[in-house]
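Participant: My structure file coords09.txt, compact mmCIF, C-alpha atoms, is below:
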```txt
# COMPACT_ATOMS: atom_id res chain seq x y z
CA MET A 1 -20.30 20.15 6.04
CA LYS A 2 -18.94 22.39 3.31
CA LEU A 3 -15.33 23.25 2.52
CA ILE A 4 -14.95 26.46 0.56
CA ASN A 5 -12.12 28.19 -1.29
CA ALA A 6 -10.10 24.98 -1.46
CA HIS A 7 -7.18 24.30 -3.79
CA LEU A 8 -8.64 20.91 -4.63
CA LEU A 9 -6.91 17.98 -6.35
CA ASN A 10 -9.82 16.91 -8.56
CA GLU A 11 -10.67 13.47 -9.94
CA ASN A 12 -8.36 14.12 -12.90
CA PHE A 13 -5.53 14.88 -10.43
CA VAL A 14 -5.30 18.51 -11.41
CA PHE A 15 -5.39 21.24 -8.77
CA SER A 16 -8.24 23.72 -9.16
CA LYS A 17 -10.14 26.13 -6.94
CA ALA A 18 -13.39 24.52 -5.78
CA ASP A 19 -15.86 24.08 -2.94
CA ILE A 20 -16.84 20.64 -1.69
CA GLU A 21 -19.95 19.48 0.15
CA ILE A 22 -19.85 16.41 2.40
CA ASP A 23 -22.96 14.60 3.58
CA GLY A 24 -23.09 11.31 5.47
CA GLY A 25 -19.40 10.69 4.97
CA ARG A 26 -19.72 10.99 1.18
CA ILE A 27 -18.84 13.69 -1.31
CA LYS A 28 -22.18 15.17 -2.31
CA GLN A 29 -21.06 18.03 -4.51
CA ILE A 30 -17.94 19.65 -5.96
CA SER A 31 -18.42 23.04 -7.56
CA GLU A 32 -16.67 26.33 -8.21
CA LYS A 33 -19.10 27.97 -5.81
CA ILE A 34 -21.46 26.28 -3.32
CA SER A 35 -24.08 28.30 -1.48
CA PHE A 36 -24.62 27.75 2.21
CA ALA A 37 -26.94 28.85 5.00
CA PRO A 38 -25.64 30.71 8.08
CA GLU A 39 -26.34 27.74 10.36
CA GLU A 40 -24.34 25.26 8.25
CA THR A 41 -20.85 24.02 9.14
CA VAL A 42 -18.52 25.77 6.71
CA ILE A 43 -14.72 25.60 6.71
CA ASP A 44 -12.71 28.18 4.81
CA CYS A 45 -9.75 26.39 3.20
CA THR A 46 -8.07 29.43 1.70
CA GLY A 47 -4.35 28.77 1.33
CA TYR A 48 -4.63 25.01 1.75
CA ARG A 49 -4.58 22.04 -0.62
CA ILE A 50 -7.26 19.33 -0.31
CA VAL A 51 -6.16 15.89 -1.54
CA PRO A 52 -7.59 12.36 -1.26
CA GLY A 53 -6.86 10.28 1.84
CA PHE A 54 -3.81 8.07 1.37
CA VAL A 55 -4.22 4.31 0.80
CA ASP A 56 -1.48 1.96 2.06
CA VAL A 57 -1.92 -1.55 0.67
CA HIS A 58 1.33 -2.94 2.11
CA ILE A 59 1.94 -2.28 5.79
CA HIS A 60 2.96 -4.77 8.48
CA GLY A 61 2.89 -2.51 11.49
CA CYS A 62 3.58 0.84 13.10
CA ALA A 63 3.53 2.60 16.48
CA GLY A 64 4.67 -0.54 18.29
CA THR A 65 2.13 -3.03 16.93
CA ASP A 66 1.99 -5.48 14.02
CA THR A 67 -0.60 -7.29 11.92
CA MET A 68 0.75 -10.64 13.12
CA ASP A 69 -0.05 -9.70 16.74
CA ALA A 70 -3.53 -10.72 15.60
CA THR A 71 -5.36 -8.62 18.18
CA ARG A 72 -7.97 -5.91 17.78
CA GLU A 73 -5.89 -3.68 20.05
CA SER A 74 -2.94 -3.87 17.62
CA LEU A 75 -4.98 -2.96 14.54
CA GLN A 76 -6.75 -0.23 16.50
CA ASN A 77 -3.37 1.22 17.45
CA MET A 78 -2.21 1.10 13.83
CA ALA A 79 -5.42 2.74 12.61
CA LYS A 80 -5.16 5.60 15.11
CA TYR A 81 -1.54 6.27 14.20
CA LEU A 82 -2.06 6.08 10.44
CA ILE A 83 -4.92 8.59 10.39
CA THR A 84 -2.52 11.18 11.82
CA LYS A 85 -0.30 10.60 8.77
CA GLY A 86 -3.14 11.11 6.30
CA VAL A 87 -3.68 7.39 5.68
CA THR A 88 -7.44 6.81 5.64
CA SER A 89 -7.43 3.21 4.33
CA PHE A 90 -4.93 0.38 4.74
CA CYS A 91 -4.39 -3.34 4.18
CA PRO A 92 -2.77 -5.00 7.20
CA THR A 93 -0.10 -7.26 5.75
CA THR A 94 0.76 -10.74 6.98
CA MET A 95 4.18 -12.39 6.91
CA THR A 96 5.60 -15.84 6.33
CA ALA A 97 4.45 -17.72 9.43
CA SER A 98 2.65 -20.92 10.35
CA LYS A 99 -0.71 -21.58 8.70
CA GLU A 100 -2.40 -21.21 12.07
CA GLU A 101 -0.81 -17.82 12.71
CA ILE A 102 -1.81 -16.55 9.25
CA ILE A 103 -5.40 -17.71 9.70
CA THR A 104 -5.60 -16.03 13.11
CA ALA A 105 -4.25 -12.77 11.70
CA VAL A 106 -6.67 -12.81 8.76
CA LYS A 107 -9.57 -13.53 11.12
CA ASN A 108 -8.60 -10.56 13.23
CA VAL A 109 -8.53 -8.29 10.18
CA ASN A 110 -11.94 -9.59 9.16
CA ASP A 111 -13.31 -8.88 12.66
CA CYS A 112 -11.96 -5.32 12.47
CA MET A 113 -13.70 -4.81 9.14
CA VAL A 114 -17.01 -6.10 10.45
CA ASN A 115 -16.66 -3.95 13.58
CA PRO A 116 -14.51 -1.02 12.38
CA CYS A 117 -11.70 0.44 14.45
CA GLU A 118 -11.37 4.13 15.18
CA GLY A 119 -9.06 5.89 12.74
CA ALA A 120 -7.99 4.68 9.30
CA ALA A 121 -10.27 2.08 7.70
CA VAL A 122 -9.09 -1.52 7.50
CA VAL A 123 -9.99 -2.47 3.91
CA GLY A 124 -8.52 -5.96 3.47
CA VAL A 125 -5.53 -8.25 3.87
CA ASN A 126 -2.30 -8.25 1.90
CA MET A 127 -1.04 -11.84 2.24
CA GLU A 128 2.74 -11.58 1.82
CA GLY A 129 4.11 -15.08 2.31
CA PRO A 130 4.38 -17.99 2.79
CA PHE A 131 4.51 -18.74 -0.96
CA ILE A 132 7.93 -17.20 -1.62
CA ALA A 133 11.45 -18.28 -2.62
CA GLU A 134 13.88 -18.93 0.22
CA LYS A 135 16.79 -17.46 -1.73
CA ARG A 136 14.97 -14.11 -1.83
CA LYS A 137 13.19 -14.30 1.50
CA GLY A 138 14.50 -10.94 2.69
CA ALA A 139 13.26 -10.41 6.25
CA GLN A 140 10.73 -13.25 5.99
CA LYS A 141 11.34 -16.29 8.19
CA ALA A 142 12.57 -19.30 6.20
CA ASP A 143 11.15 -21.90 8.61
CA TYR A 144 7.59 -21.36 7.35
CA ILE A 145 8.13 -20.90 3.60
CA ILE A 146 6.01 -23.37 1.62
CA ARG A 147 5.27 -24.00 -2.04
CA PRO A 148 2.19 -22.21 -3.39
CA ASP A 149 -0.75 -24.12 -1.94
CA PHE A 150 -4.02 -23.08 -3.53
CA ALA A 151 -6.09 -25.40 -1.33
CA PHE A 152 -4.78 -23.66 1.80
CA PHE A 153 -5.21 -20.20 0.27
CA LYS A 154 -8.75 -20.99 -0.91
CA ASP A 155 -9.67 -22.30 2.53
CA VAL A 156 -8.54 -19.06 4.17
CA TYR A 157 -10.21 -16.98 1.46
CA ASP A 158 -13.50 -18.82 1.84
CA GLN A 159 -13.51 -18.52 5.63
CA PHE A 160 -13.28 -14.74 5.31
CA GLU A 161 -14.64 -14.12 1.82
CA GLY A 162 -13.48 -10.92 0.22
CA VAL A 163 -11.01 -9.99 2.97
CA ILE A 164 -7.83 -11.03 1.13
CA LYS A 165 -7.17 -8.35 -1.50
CA LEU A 166 -3.60 -9.29 -2.44
CA VAL A 167 -1.62 -12.53 -2.33
CA ASP A 168 2.10 -12.86 -3.06
CA VAL A 169 3.82 -15.67 -4.93
CA ALA A 170 7.28 -16.51 -6.26
CA PRO A 171 6.45 -17.88 -9.74
CA GLU A 172 9.41 -20.28 -9.82
CA GLU A 173 7.71 -22.14 -6.97
CA ASP A 174 4.36 -22.31 -8.82
CA LYS A 175 4.53 -25.22 -11.23
CA ASP A 176 2.76 -24.46 -14.52
CA GLY A 177 1.25 -21.33 -12.96
CA GLU A 178 -1.48 -23.39 -11.32
CA PHE A 179 -1.69 -21.21 -8.21
CA ILE A 180 -1.59 -17.91 -10.11
CA ARG A 181 -4.28 -18.92 -12.57
CA GLN A 182 -6.68 -19.94 -9.82
CA ALA A 183 -5.92 -17.21 -7.29
CA LYS A 184 -6.31 -14.40 -9.84
CA GLU A 185 -10.03 -15.19 -9.96
CA LEU A 186 -10.30 -14.28 -6.26
CA CYS A 187 -7.93 -11.36 -5.71
CA THR A 188 -4.92 -9.52 -7.09
CA VAL A 189 -1.87 -11.78 -7.42
CA SER A 190 1.52 -10.19 -6.82
CA LEU A 191 4.98 -11.43 -7.75
CA ALA A 192 7.28 -11.21 -4.72
CA HIS A 193 10.48 -12.47 -3.04
CA THR A 194 11.55 -14.25 -6.19
CA THR A 195 14.54 -15.44 -8.21
CA ALA A 196 12.49 -15.14 -11.41
CA ASP A 197 14.22 -13.90 -14.55
CA TYR A 198 12.67 -11.86 -17.36
CA ALA A 199 11.14 -14.82 -19.20
CA LEU A 200 9.59 -16.35 -16.10
CA THR A 201 8.19 -12.99 -15.03
CA LYS A 202 6.56 -12.51 -18.44
CA GLN A 203 5.09 -15.99 -18.17
CA ALA A 204 3.73 -15.24 -14.70
CA ILE A 205 2.08 -12.09 -16.04
CA ASP A 206 0.52 -14.18 -18.79
CA TYR A 207 -0.84 -16.51 -16.10
CA GLY A 208 -2.40 -13.61 -14.22
CA VAL A 209 0.11 -11.72 -12.07
CA SER A 210 -0.89 -8.04 -12.20
CA HIS A 211 1.07 -6.59 -9.26
CA ILE A 212 4.69 -6.53 -8.13
CA THR A 213 5.60 -6.34 -4.45
CA HIS A 214 8.25 -3.71 -3.56
CA LEU A 215 9.89 -3.44 -6.98
CA TYR A 216 13.71 -3.82 -6.93
CA ASN A 217 13.68 -5.38 -3.45
CA ALA A 218 13.88 -9.16 -2.86
CA MET A 219 14.53 -9.79 -6.56
CA ALA A 220 17.44 -9.69 -9.01
CA GLY A 221 18.67 -6.30 -10.18
CA PHE A 222 18.06 -4.83 -13.63
CA SER A 223 20.88 -5.05 -16.16
CA HIS A 224 21.32 -4.62 -19.89
CA ARG A 225 21.80 -8.36 -20.49
CA GLU A 226 19.37 -9.70 -17.89
CA PRO A 227 16.44 -7.32 -17.44
CA GLY A 228 14.78 -9.61 -14.88
CA VAL A 229 11.54 -8.71 -13.12
CA VAL A 230 12.18 -4.98 -13.44
CA GLY A 231 12.64 -5.13 -17.22
CA ALA A 232 9.47 -7.18 -17.65
CA VAL A 233 7.50 -4.72 -15.54
CA PHE A 234 8.85 -1.71 -17.40
CA GLU A 235 7.50 -2.91 -20.72
CA ASP A 236 4.29 -4.73 -19.74
CA GLU A 237 1.23 -2.50 -19.30
CA ARG A 238 -0.70 -5.29 -17.57
CA VAL A 239 1.15 -4.96 -14.28
CA ARG A 240 1.50 -2.35 -11.52
CA ALA A 241 4.45 -2.14 -9.15
CA GLU A 242 4.90 -1.05 -5.55
CA VAL A 243 7.74 1.33 -4.69
CA ILE A 244 9.02 2.15 -1.21
CA CYS A 245 10.03 5.81 -1.30
CA ASP A 246 11.95 6.24 1.95
CA GLY A 247 15.23 6.98 0.17
CA HIS A 248 16.78 3.77 1.50
CA HIS A 249 15.08 0.99 -0.45
CA ILE A 250 15.43 2.74 -3.82
CA HIS A 251 17.85 5.50 -4.81
CA PRO A 252 16.15 8.81 -5.72
CA SER A 253 17.58 8.64 -9.26
CA VAL A 254 16.05 5.21 -9.77
CA LEU A 255 12.73 6.43 -8.38
CA ARG A 256 12.69 9.28 -10.90
CA THR A 257 13.35 6.85 -13.75
CA THR A 258 10.75 4.41 -12.45
CA PHE A 259 8.00 7.02 -12.23
CA ARG A 260 8.82 8.28 -15.73
CA ILE A 261 8.56 4.78 -17.18
CA LEU A 262 5.65 3.38 -15.18
CA GLY A 263 3.54 6.52 -14.87
CA ASP A 264 0.20 5.49 -13.39
CA ARG A 265 1.43 1.93 -12.88
CA ALA A 266 3.62 2.93 -9.91
CA LEU A 267 2.06 2.84 -6.45
CA VAL A 268 3.58 3.99 -3.19
CA VAL A 269 3.60 1.65 -0.18
CA SER A 270 5.24 1.94 3.21
CA ASP A 271 6.01 -1.74 3.96
CA SER A 272 6.47 -0.39 7.48
CA MET A 273 7.01 -2.52 10.57
CA ARG A 274 6.17 -1.92 14.22
CA ALA A 275 9.09 0.47 14.78
CA ALA A 276 7.55 3.10 12.49
CA GLY A 277 6.80 6.17 14.56
CA LEU A 278 8.95 5.02 17.51
CA PRO A 279 12.47 5.91 18.67
CA GLU A 280 15.50 4.54 16.85
CA GLY A 281 18.22 2.37 18.35
CA GLU A 282 15.96 0.00 20.25
CA LYS A 283 15.34 -3.65 19.44
CA TYR A 284 12.10 -4.40 17.65
CA ASP A 285 10.49 -7.51 16.20
CA LEU A 286 9.40 -8.48 12.69
CA GLY A 287 8.01 -11.95 12.12
CA GLY A 288 9.87 -13.32 15.13
CA GLN A 289 13.19 -11.77 14.11
CA GLY A 290 15.06 -8.98 15.87
CA VAL A 291 15.21 -5.60 14.10
CA THR A 292 17.27 -2.50 14.87
CA VAL A 293 16.54 0.95 13.46
CA ARG A 294 19.35 3.42 12.78
CA ASN A 295 19.26 6.55 10.63
CA GLY A 296 15.81 5.72 9.31
CA LEU A 297 16.77 2.19 8.21
CA ALA A 298 15.39 -1.01 9.80
CA THR A 299 17.64 -4.08 9.52
CA LEU A 300 17.95 -7.61 10.85
CA ASP A 301 21.09 -8.54 12.74
CA ASP A 302 22.72 -9.72 9.48
CA GLY A 303 22.10 -6.34 7.81
CA THR A 304 19.08 -7.40 5.72
CA ILE A 305 16.60 -4.53 5.27
CA ALA A 306 13.53 -5.37 7.35
CA GLY A 307 10.62 -3.37 6.01
CA SER A 308 10.62 0.36 6.65
CA VAL A 309 9.84 2.93 9.32
CA THR A 310 8.22 5.41 6.92
CA ASN A 311 4.63 6.36 6.07
CA LEU A 312 2.85 7.52 2.91
CA HIS A 313 2.82 11.19 3.87
CA GLU A 314 6.57 11.15 4.41
CA GLU A 315 7.06 9.30 1.13
CA ILE A 316 5.00 11.82 -0.83
CA ARG A 317 7.15 14.62 0.55
CA ASN A 318 10.27 12.61 -0.35
CA LEU A 319 9.07 12.14 -3.92
CA VAL A 320 8.44 15.84 -4.36
CA LYS A 321 11.94 16.52 -2.98
CA PHE A 322 13.32 13.93 -5.42
CA GLY A 323 11.68 15.70 -8.37
CA ILE A 324 8.37 13.86 -8.86
CA PRO A 325 5.40 16.18 -9.54
CA LEU A 326 3.16 16.50 -6.47
CA GLU A 327 0.06 15.44 -8.40
CA GLN A 328 1.72 12.23 -9.58
CA ALA A 329 3.10 11.44 -6.13
CA ILE A 330 -0.33 11.82 -4.53
CA LYS A 331 -2.05 9.77 -7.23
CA ALA A 332 0.48 6.98 -6.66
CA ALA A 333 -0.45 6.96 -2.96
CA THR A 334 -4.23 7.18 -3.44
CA LEU A 335 -6.00 6.15 -6.64
CA ILE A 336 -3.43 3.66 -7.94
CA PRO A 337 -3.32 1.54 -4.75
CA ALA A 338 -7.11 1.76 -4.54
CA LYS A 339 -7.26 0.30 -8.06
CA ALA A 340 -4.83 -2.46 -7.08
CA ILE A 341 -7.30 -3.78 -4.50
CA GLY A 342 -10.46 -3.08 -6.51
CA LEU A 343 -11.76 -0.24 -4.34
CA ASP A 344 -11.25 2.72 -6.67
CA ASN A 345 -15.03 3.15 -6.98
CA GLU A 346 -15.11 4.00 -3.26
CA ILE A 347 -11.79 5.59 -2.31
CA GLY A 348 -8.64 7.03 -3.85
CA SER A 349 -9.88 10.24 -5.50
CA LEU A 350 -12.13 13.21 -4.85
CA SER A 351 -15.26 12.50 -6.82
CA VAL A 352 -18.99 12.90 -6.19
CA GLY A 353 -20.40 9.77 -4.56
CA LYS A 354 -17.11 8.50 -3.18
CA LYS A 355 -16.17 8.39 0.48
CA ALA A 356 -15.13 11.78 1.78
CA ASP A 357 -11.59 10.81 2.77
CA LEU A 358 -9.69 14.08 2.65
CA VAL A 359 -6.32 15.41 3.72
CA MET A 360 -5.66 19.15 4.08
CA LEU A 361 -2.06 20.21 3.39
CA ASP A 362 -0.35 23.54 3.88
CA GLU A 363 2.16 25.13 1.50
CA ASN A 364 4.95 22.99 3.00
CA LEU A 365 2.90 19.81 2.52
CA GLU A 366 2.43 19.45 6.26
CA ILE A 367 -0.86 17.88 7.31
CA VAL A 368 -3.28 20.46 8.73
CA ALA A 369 -6.33 18.21 9.06
CA VAL A 370 -7.68 14.80 8.02
CA TYR A 371 -11.36 14.10 7.34
CA HIS A 372 -12.53 10.49 7.50
CA GLU A 373 -15.85 9.16 8.73
```
Before we go any further, please render this structure as structure tokens.
Facilitator:
Amino acid sequence: MKLINAHLLNENFVFSKADIEIDGGRIKQISEKISFAPEETVIDCTGYRIVPGFVDVHIHGCAGTDTMDATRESLQNMAKYLITKGVTSFCPTTMTASKEEIITAVKNVNDCMVNPCEGAAVVGVNMEGPFIAEKRKGAQKADYIIRPDFAFFKDVYDQFEGVIKLVDVAPEEDKDGEFIRQAKELCTVSLAHTTADYALTKQAIDYGVSHITHLYNAMAGFSHREPGVVGAVFEDERVRAEVICDGHHIHPSVLRTTFRILGDRALVVSDSMRAAGLPEGEKYDLGGQGVTVRNGLATLDDGTIAGSVTNLHEEIRNLVKFGIPLEQAIKAATLIPAKAIGLDNEIGSLSVGKKADLVMLDENLEIVAVYHE
């Protein structure tokens, strides 16, 4: 298949006019002009932008199903929904639950990687919880919070080698950084749901933390006398940070500042739960807790924000509306998350040899078509 006359976002994340040839689900050629025979499948993309497929590395659920359902049907449902939103790869994300429930959920993700679902590709697990701080648990269930337990984590990792791409930890619960230092050898370690101050965050980064889960949320705020996690992240080039760009979790002004400071260290995630894509006002579930959605905001009964009901396509459009350049917004939802899980050699940008995960956008940034094999 050949796409011609495209306004293509190239591997340097600059738009340019180009043709692209796809063969066997891979990008075979990108050129200013590609020749083709009359019998070949050729799509004229005049007037449209072609960008990489979006990569969501932090998503609990959507369209009525959740990672912790631990069934193939649930992940299949998520995959089918996400592909319609331009998401071509995602990491189903677990929650703080019993060890048995976490293992069952990870096994299910592994099974869906071995025997792929239809729709967006399942590319690994984001293990959010149970190694978090109760004081900053957010919408996680306190009953199952435990201290960082490397033996348990290693057992799960070894059972399904390579499936866990991210694991979260509150560094104040990790004595001498023992968990971080060992886990970093297996996957990306993320600081999350924490009471850590600036000094402890810097120490955790020294130990091996290279990722921050939903920056600003479930952690202390940034101030001029106590910069906290945010201040440490701003100045330390060794760490990337997730941002939820639904307009509820982070004010647009703060998003603009964050993208200016972090640049290519900011990555967009949805952190969505099962209510994403469904009607508001009804009662939903997140980790065994009731959630209500009103005016685009999902909350527990006590008012705690409970994930989101957004998706990466919607967030990219929000960022552009908030004043972030389109190229930067797309890069933050494609290549940067792909790097965070070590898959940037396969997905995340339009480059010869990579998977041909493409999204076609019109002038209003509406999705016209998604290509993913």
Participant: Fewer than 4 positions away in the same chain doesn't count, so skip those; otherwise give me all residues within 8 Å of range 21-28 of chain A, counting only C-alpha atoms, as an MDAnalysis selection string.
Facilitator: chainID A and resid 1:3 34 350:356 372:373
Participant: Up to 9 Å from (0.2, -0.5, 6.5) in the file's coordinates: name the residues, counting all atoms listed in the file, as a PyMOL selection string.
Facilitator: chain A and resi 55-62+67+78-79+82+87+89-93+269-273+311
Participant: Out of A:Ala196, A:Ile180, A:Phe15, A:Ala338, which residue has the shortest atom-to-atom distance to Pro325 in chain A when counting only C-alpha atoms?
Facilitator: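 When distances to Pro325 in chain A are compared using only C-alpha atoms, the smallest one comes from A:Phe15.
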Participant: Nearest to Leu335 in chain A: which of A:Lys202, A:Arg260, A:His313, A:Arg265 is it, counting all atoms listed in the file?
Facilitator: A:Arg265
Participant: Excluding Ile83 in chain A and residues on its chain fewer than 6 positions from it, collect all residues at most 8 Å away from it, counting all atoms listed in the file, and give them as a PyMOL selection string.
Facilitator: chain A and resi 119-120+370
Participant: Would you pick out the contacts of range 295-300 of chain A at 10 Å or less, using all atoms listed in the file, so that residues sharing its chain but fewer than 3 positions from it are not included, and give the list as a PyMOL selection string?
Facilitator: chain A and resi 138-139+246-249+272-273+275-276+279-281+283-286+289-292+303-310
Participant: What would the list of residues within 8 Å of (0.9, -6.7, -18.1) (file frame) look like as a list in words, if all atoms listed in the file are what count?
Facilitator: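 Nearby residues: Ile205, Asp206, Val209, Ser210, Val233, Asp236, Glu237, Arg238, Val239 and Arg240 of chain A.
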Participant: If we count all atoms listed in the file, what is near range 140-142 of chain A at a cut-off of 10 Å, once residues fewer than 5 positions away on the same chain are taken out, given as a ChimeraX atom specification?
Facilitator: /A:95-97,128-130,132-135,193,286-289,306-307
Participant: Which is closest to Phe13 in chain A among A:Ala70, A:Ile367, A:Val106, A:Ile50, if we use only C-alpha atoms?
Facilitator: A:Ile50
Participant: In Å, how far is it from CA of Thr71 in chain A to CA of Thr84 in chain A?
Facilitator: 21.0 Å
Participant: Find, counting all atoms listed in the file, the residue in A:Phe152, A:Lys99, A:Tyr48, A:Lys85 that gets nearest to Glu363 in chain A.
Facilitator: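 Checking each of A:Phe152, A:Lys99, A:Tyr48, A:Lys85 against Glu363 in chain A, counting all atoms listed in the file, the winner is A:Tyr48.
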Participant: Determine, counting only C-alpha atoms, which protein, DNA and RNA residues have an atom within 6 Å of an atom of range 326-332 of chain A; residues of the same chain fewer than 6 positions away are not included. Present the result as a PyMOL selection string.
Facilitator: chain A and resi 13+267-268+316+320
